[in-house]
Structures are given as structure tokens and as C-alpha cells.
>>> print(open('coords09.cif').read())   # mmCIF, C-alpha atoms and all ligand atoms
data_query
loop_
_atom_site.label_atom_id
_atom_site.label_comp_id
_atom_site.auth_asym_id
_atom_site.auth_seq_id
_atom_site.Cartn_x
_atom_site.Cartn_y
_atom_site.Cartn_z
CA MET N 59 -72.83 -115.29 23.99
CA THR N 60 -69.63 -117.33 24.37
CA LEU N 61 -67.34 -116.93 27.37
CA ILE N 62 -64.83 -115.15 25.15
CA GLU N 63 -67.42 -112.73 23.76
CA GLU N 64 -68.65 -111.98 27.27
CA ALA N 65 -65.13 -111.39 28.60
CA LYS N 66 -64.37 -109.05 25.71
CA LYS N 67 -67.45 -107.00 26.57
CA THR N 68 -67.39 -107.00 30.35
CA THR N 69 -63.78 -107.08 31.57
CA LYS N 70 -61.24 -104.30 31.58
CA GLY N 71 -59.48 -106.22 28.79
CA ALA N 72 -61.97 -104.66 26.44
CA SER N 73 -60.07 -101.40 26.74
CA ILE N 74 -56.48 -102.72 26.91
CA SER N 75 -54.59 -102.98 23.66
CA VAL N 76 -52.65 -106.12 22.85
CA LEU N 77 -49.50 -104.03 22.77
CA ASP N 78 -50.14 -102.64 26.26
CA ALA N 79 -50.86 -106.12 27.62
CA LEU N 80 -47.63 -107.47 26.14
CA CYS N 81 -45.63 -104.83 28.02
CA ASP N 82 -47.64 -104.48 31.24
CA ARG N 83 -48.34 -108.09 32.26
CA ARG N 84 -46.22 -108.97 35.30
CA ALA N 85 -45.39 -112.04 37.38
CA VAL N 86 -47.65 -111.30 40.33
CA ARG N 87 -46.53 -112.51 43.78
CA HIS N 88 -49.05 -110.80 46.07
CA TYR N 89 -52.66 -111.91 46.12
CA MET N 90 -55.92 -111.10 47.84
CA ASP N 91 -57.64 -113.84 49.80
CA LYS N 92 -60.39 -114.07 47.20
CA ALA N 93 -61.55 -117.11 45.25
CA ILE N 94 -61.85 -117.19 41.47
CA ASP N 95 -65.16 -118.54 40.20
CA GLU N 96 -65.55 -121.41 37.78
CA LYS N 97 -66.77 -119.25 34.91
CA THR N 98 -63.65 -117.09 35.11
CA ILE N 99 -61.39 -120.16 35.01
CA ARG N 100 -63.30 -121.58 32.06
CA THR N 101 -62.94 -118.24 30.27
CA LEU N 102 -59.16 -118.29 30.82
CA LEU N 103 -58.98 -121.80 29.38
CA GLU N 104 -60.98 -120.68 26.32
CA PHE N 105 -58.41 -117.96 25.71
CA ALA N 106 -55.54 -120.43 26.30
CA VAL N 107 -56.78 -122.78 23.60
CA GLN N 108 -56.84 -119.96 21.02
CA ALA N 109 -53.03 -120.27 20.89
CA PRO N 110 -51.37 -121.52 17.73
CA SER N 111 -50.00 -125.06 17.70
CA ALA N 112 -47.94 -127.01 15.20
CA ILE N 113 -50.24 -128.64 12.63
CA ASN N 114 -53.07 -127.37 14.83
CA SER N 115 -52.59 -130.38 17.10
CA GLN N 116 -53.79 -128.51 20.23
CA PRO N 117 -51.85 -130.88 22.49
CA TRP N 118 -52.89 -129.30 25.78
CA SER N 119 -54.88 -130.30 28.81
CA PHE N 120 -55.45 -128.57 32.14
CA ALA N 121 -55.61 -129.53 35.80
CA ILE N 122 -57.03 -126.96 38.18
CA VAL N 123 -56.34 -126.91 41.92
CA GLN N 124 -58.26 -124.56 44.22
CA LYS N 125 -58.24 -126.55 47.45
CA PRO N 126 -56.09 -124.57 49.94
CA ASP N 127 -54.93 -127.68 51.82
CA LEU N 128 -53.71 -129.32 48.64
CA LEU N 129 -51.96 -126.16 47.45
CA ASN N 130 -50.17 -126.00 50.81
CA GLU N 131 -49.27 -129.68 50.61
CA ILE N 132 -47.74 -129.23 47.15
CA SER N 133 -45.84 -126.14 48.30
CA ASP N 134 -44.49 -127.89 51.40
CA GLY N 135 -43.48 -130.96 49.38
CA ALA N 136 -41.71 -128.83 46.77
CA LYS N 137 -39.86 -126.83 49.43
CA LYS N 138 -38.59 -129.99 51.10
CA THR N 139 -36.89 -131.09 47.88
CA LEU N 140 -35.79 -127.60 46.82
CA ALA N 141 -34.05 -126.99 50.17
CA GLN N 142 -31.68 -129.87 49.33
CA ASP N 143 -31.33 -129.11 45.63
CA PRO N 144 -27.76 -128.09 44.70
CA ARG N 145 -29.04 -126.00 41.80
CA TRP N 146 -30.64 -123.61 44.28
CA LYS N 147 -27.80 -123.74 46.78
CA SER N 148 -25.48 -122.30 44.14
CA GLU N 149 -27.93 -119.57 43.09
CA ALA N 150 -26.78 -116.36 44.72
CA LYS N 151 -30.06 -114.60 43.96
CA HIS N 152 -32.19 -117.24 45.64
CA ALA N 153 -31.03 -117.97 49.17
CA PRO N 154 -31.83 -121.61 49.95
CA ASN N 155 -33.19 -120.70 53.34
CA ARG N 156 -36.43 -119.42 51.85
CA PHE N 157 -37.33 -123.05 51.27
CA LEU N 158 -36.81 -123.70 54.98
CA ASP N 159 -38.97 -120.74 55.95
CA PRO N 160 -42.42 -122.02 57.02
CA ALA N 161 -43.94 -118.69 55.98
CA PHE N 162 -42.79 -119.04 52.37
CA ASN N 163 -45.36 -120.53 50.03
CA ILE N 164 -44.26 -121.22 46.46
CA PHE N 165 -47.76 -120.23 45.30
CA TYR N 166 -47.71 -116.91 47.18
CA GLY N 167 -51.18 -117.53 48.61
CA ALA N 168 -52.88 -117.46 45.19
CA SER N 169 -56.27 -119.11 45.28
CA THR N 170 -55.90 -121.06 42.04
CA LEU N 171 -53.28 -123.16 40.31
CA ILE N 172 -53.73 -124.10 36.67
CA ILE N 173 -51.35 -126.81 35.51
CA VAL N 174 -50.97 -126.72 31.76
CA CYS N 175 -50.16 -130.22 30.57
CA ALA N 176 -49.01 -131.57 27.22
CA THR N 177 -50.34 -134.65 25.49
CA GLN N 178 -48.14 -136.51 23.01
CA GLU N 179 -49.95 -135.18 19.95
CA GLY N 180 -48.38 -132.99 17.29
CA LEU N 181 -44.76 -132.17 16.64
CA VAL N 182 -43.71 -129.94 19.54
CA PRO N 183 -46.34 -130.31 22.26
CA GLU N 184 -44.36 -128.56 24.99
CA ALA N 185 -43.73 -125.52 22.80
CA ASP N 186 -47.41 -125.40 21.87
CA CYS N 187 -48.34 -125.49 25.56
CA TYR N 188 -46.06 -122.58 26.39
CA LEU N 189 -47.87 -120.53 23.75
CA ALA N 190 -51.18 -121.45 25.40
CA CYS N 191 -49.68 -120.38 28.75
CA GLN N 192 -48.78 -116.95 27.45
CA ASN N 193 -52.27 -116.57 25.95
CA MET N 194 -53.78 -117.42 29.30
CA MET N 195 -51.54 -115.02 31.23
CA LEU N 196 -52.32 -112.16 28.87
CA ALA N 197 -56.05 -112.91 29.00
CA ALA N 198 -55.88 -112.98 32.80
CA TYR N 199 -54.16 -109.62 32.76
CA GLY N 200 -56.94 -108.26 30.57
CA MET N 201 -59.51 -109.62 32.99
CA GLY N 202 -57.91 -107.91 35.98
CA LEU N 203 -56.26 -111.06 37.31
CA GLY N 204 -52.63 -111.70 38.20
CA THR N 205 -50.62 -114.76 37.19
CA CYS N 206 -47.16 -116.19 37.73
CA PRO N 207 -45.60 -119.31 36.24
CA ILE N 208 -44.27 -121.51 39.05
CA GLY N 209 -41.35 -123.56 37.82
CA LEU N 210 -40.54 -124.35 41.45
CA ALA N 211 -43.44 -126.81 41.35
CA TRP N 212 -42.19 -128.70 38.28
CA ASP N 213 -40.47 -131.58 40.03
CA ILE N 214 -43.20 -132.39 42.50
CA LEU N 215 -46.01 -132.09 39.95
CA ARG N 216 -44.23 -134.51 37.63
CA THR N 217 -44.00 -137.31 40.20
CA ASP N 218 -46.32 -140.25 39.57
CA SER N 219 -47.86 -139.96 43.03
CA MET N 220 -48.72 -136.27 42.66
CA LYS N 221 -50.00 -136.74 39.12
CA GLN N 222 -52.27 -139.46 40.42
CA LYS N 223 -53.49 -137.28 43.27
CA LEU N 224 -54.27 -134.45 40.82
CA GLY N 225 -55.99 -136.72 38.31
CA ILE N 226 -53.37 -136.15 35.61
CA PRO N 227 -53.36 -139.39 33.63
CA VAL N 228 -50.39 -141.16 32.06
CA GLY N 229 -49.67 -139.48 28.71
CA HIS N 230 -50.28 -135.97 30.05
CA PHE N 231 -47.08 -134.16 31.05
CA PRO N 232 -47.22 -131.11 33.36
CA VAL N 233 -45.53 -128.35 31.33
CA LEU N 234 -46.16 -125.21 33.34
CA PRO N 235 -47.99 -124.58 36.61
CA ILE N 236 -49.47 -121.07 36.65
CA ILE N 237 -50.97 -119.42 39.69
CA VAL N 238 -53.93 -117.11 39.20
CA GLY N 239 -55.52 -114.70 41.63
CA TYR N 240 -56.60 -111.15 42.31
CA PRO N 241 -53.49 -108.99 42.82
CA SER N 242 -53.36 -107.29 46.22
CA GLU N 243 -50.83 -104.66 45.16
CA PRO N 244 -49.26 -103.35 41.96
CA THR N 245 -46.20 -105.24 40.69
CA PRO N 246 -43.36 -103.03 39.49
CA ARG N 247 -42.07 -103.42 35.99
CA THR N 248 -39.09 -105.76 35.60
CA PRO N 249 -36.23 -104.62 33.41
CA ARG N 250 -35.58 -106.06 29.97
CA ASN N 251 -32.39 -106.09 27.95
CA PRO N 252 -32.60 -104.73 24.45
CA PRO N 253 -33.05 -107.37 21.73
CA ARG N 254 -29.73 -109.07 20.91
CA ILE N 255 -29.55 -108.95 17.12
CA LEU N 256 -26.93 -111.39 15.88
CA ASN N 257 -26.93 -110.37 12.28
CA TRP N 258 -29.15 -108.52 9.85
CA ILE N 259 -28.73 -109.59 6.30
CA GLY N 260 -30.40 -106.86 4.30
CA ALA N 261 -31.68 -106.95 0.76
C1 LIG N 301 -40.85 -120.99 32.89
C2 LIG N 301 -40.94 -119.99 34.01
C3 LIG N 301 -40.86 -120.41 35.31
C4 LIG N 301 -40.98 -119.47 36.37
N1 LIG N 301 -40.98 -119.93 37.65
C5 LIG N 301 -41.16 -119.05 38.66
C6 LIG N 301 -41.24 -119.52 40.02
O1 LIG N 301 -41.15 -120.70 40.33
N2 LIG N 301 -41.45 -118.59 40.99
C7 LIG N 301 -41.59 -117.25 40.71
O2 LIG N 301 -41.78 -116.46 41.64
N3 LIG N 301 -41.52 -116.78 39.44
C8 LIG N 301 -41.32 -117.65 38.42
N4 LIG N 301 -41.31 -117.20 37.11
C9 LIG N 301 -41.55 -115.77 36.83
C10 LIG N 301 -40.29 -115.04 36.38
O3 LIG N 301 -39.42 -114.88 37.48
C11 LIG N 301 -40.71 -113.68 35.78
O4 LIG N 301 -41.50 -113.92 34.65
C12 LIG N 301 -39.49 -112.84 35.39
O5 LIG N 301 -38.77 -112.44 36.55
C13 LIG N 301 -39.88 -111.56 34.62
O6 LIG N 301 -40.83 -110.82 35.37
P1 LIG N 301 -42.23 -110.40 34.71
O7 LIG N 301 -42.94 -111.67 34.28
O8 LIG N 301 -42.97 -109.67 35.80
O9 LIG N 301 -41.94 -109.53 33.53
C14 LIG N 301 -41.17 -118.10 36.07
C15 LIG N 301 -41.24 -117.69 34.73
C16 LIG N 301 -41.15 -118.61 33.71
C17 LIG N 301 -41.27 -118.15 32.28
#
>>> encode(input="coords09.cif", output="C-alpha cells", more="lines below")
Ligand SMILES: Cc1cc2nc3c(=O)[nH]c(=O)nc-3n(C[C@H](O)[C@H](O)[C@H](O)COP(=O)(O)O)c2cc1C
Amino acid sequence: MTLIEEAKKTTKGASISVLDALCDRRAVRHYMDKAIDEKTIRTLLEFAVQAPSAINSQPWSFAIVQKPDLLNEISDGAKKTLAQDPRWKSEAKHAPNRFLDPAFNIFYGASTLIIVCATQEGLVPEADCYLACQNMMLAAYGMGLGTCPIGLAWDILRTDSMKQKLGIPVGHFPVLPIIVGYPSEPTPRTPRNPPRILNWIGA
């Protein structure tokens, strides 16, 4: 049995419809102190690579970080830069002082970080990778896991020194870091605006 077949049979995803998953997946920011095993991560990656990609180029690669010290180091490094970043200083919704708060961790204590990276293959590798990210987040939801994309880690993960530390070779570009873990509490639904239809040219 493949990892995908097994997940379909054994996880709660087996009973969640695609349509429910599309509406009920949330950005989870509260996690249990519980590790995710290797098989579960490999299963998530199998679902990620089922995503469509332009000319089926499959231009993705993955770096996984589960070492708590390294996750803390990345968070601390990111916060140092973010605290000085004018883009955040002007954001009313995000007070800059959270980056100065030692208790704030940009990964919210999640046990696992999966960095989805793009190779230079295909026509639109970054777009392809974002599709893989969504696949992975929906699969995680189906498997009872929480996820949250962490754009706050973009800058630090794209530095040569951090890429080297994480074993991300030249030619692989970190597109989206996604935390994964077991949610410790339910996440309320976030509001959505109705679709903005610009024009509808009928028959
Ligand atoms: C590209 C991208 C980057 C994001 N970066 C962060 C982040 O750094 N920290 C965070 O807490 N949430 C981050 N999010 C999560 C969004 O805030 C969240 O998806 C949005 O508020 C809608 O909530 P929902 O996913 O629960 O529906 C990011 C989402 C995306 C798509």
C-alpha cells in the first residue's frame, strides 16, 4: 500500500469532502508539544507532489526542519530583522513590538517546518510550488494536522548562509515555509469577502 493509499484509509481525511476541506482549513497558530513522525511528513510530501505544474515540470523540492534549537534560531534571526523593517513598522495590524518580545516565536511552537523550494525547471516554478503548498496544507488538514504558511521567515531562509545551514543548494529557491503540527485548540474561521466579479460576458 502506498503512503497515499494508507492515509486515505486511516486518517480522518477519509471522511472529509474536498469541499469541506477547502472551507475549513485554517492557518493554525497554536500547537501541542508533540513531534510528527517521518512517515507522516513523507505522506504530506506525496500529497504535495500531486499538484499540477506547468508542462508537468514538477519544479519543487523540500527541506524539513524539526530540530527545536534550529527552529528557535531561525525565529530569533527573523525577528531581529523584522523589528527594524519599515514595512512592519507601518503596518497598523502588526505592532512591531511583537518582534521584540522574547516570548513570540514566528513558528508558534510547531514541531516541524517544511520549506517548499522551487528549482528553475518549467515555466512558472514559483506558481507551481504554491499549488503544491495548498495541496500539502489540505492533506494535512485531512490528516488531523494544522499548518500555517510563514512568510515572516522568507528573508532569513533566502540568505546564502541559512540556505547552506539547511542544506538547500544553489538553484533551489525557498518559496514558502509552512509549519506543521498537531493543533492544541480549534482555530476560528476567518472572514472572506465575496468574489469580486469584474465582468461577466454572457453568451
Ligand atoms: C503567502 C502567505 C504568507 C503567510 N505568512 C504568515 C506568517 O508569516 N505568519 C502567520 O501567522 N500567518 C501567515 N499567513 C497566514 C495568513 O495570515 C492566513 O492564511 C490568513 O489570515 C487567512 O486565514 P486562514 O488561512 O485561517 O483562512 C500567510 C499566508 C500566506 C498565503
>>> residues_near_ligand(input="coords09.cif", ligand="ligand LIG 301 (chain N)", cutoff="7 Å", atoms="only C-alpha atoms and all ligand atoms", output="PyMOL selection string")
chain N and resi 83-87+164+206-211+234+247-248
>>> closest_residue(input="coords09.cif", among="N:Lys223, N:Arg145, N:Arg100, N:Lys92", to="N:Ile172", atoms="all atoms listed in the file")
N:Arg100
>>> atom_distance(input="coords09.cif", atom1="atom CA of N:Ala106", atom2="atom CA of N:Pro126")
24.0 Å
>>> closest_residue(input="coords09.cif", among="N:Ile99, N:Ile122, N:Ile255, N:Ala141", to="N:Phe157", atoms="only C-alpha atoms")
N:Ala141
>>> residues_around(input="coords09.cif", residues="N:Asp134", least_positions_apart="2", cutoff="12 Å", atoms="all atoms listed in the file", output="ChimeraX atom specification")
/N:127-132,136-141,156-165,210-211,214
>>> closest_residue(input="coords09.cif", among="N:Pro244, N:Pro117, N:Pro227, N:Gly202", to="N:Ala176", atoms="all atoms listed in the file")
N:Pro117
>>> atom_distance(input="coords09.cif", atom1="atom CA of N:Cys175", atom2="atom CA of N:Cys187")
7.1 Å
>>> atom_distance(input="coords09.cif", atom1="atom CA of N:Thr60", atom2="atom CA of N:Ile113")
25.3 Å
>>> residues_near_point(input="coords09.cif", point="(-63.6, -115.4, 32.6)", cutoff="12 Å", atoms="all atoms listed in the file", output="MDAnalysis selection string")
chainID N and resid 60:71 94:106 194 197:203 238
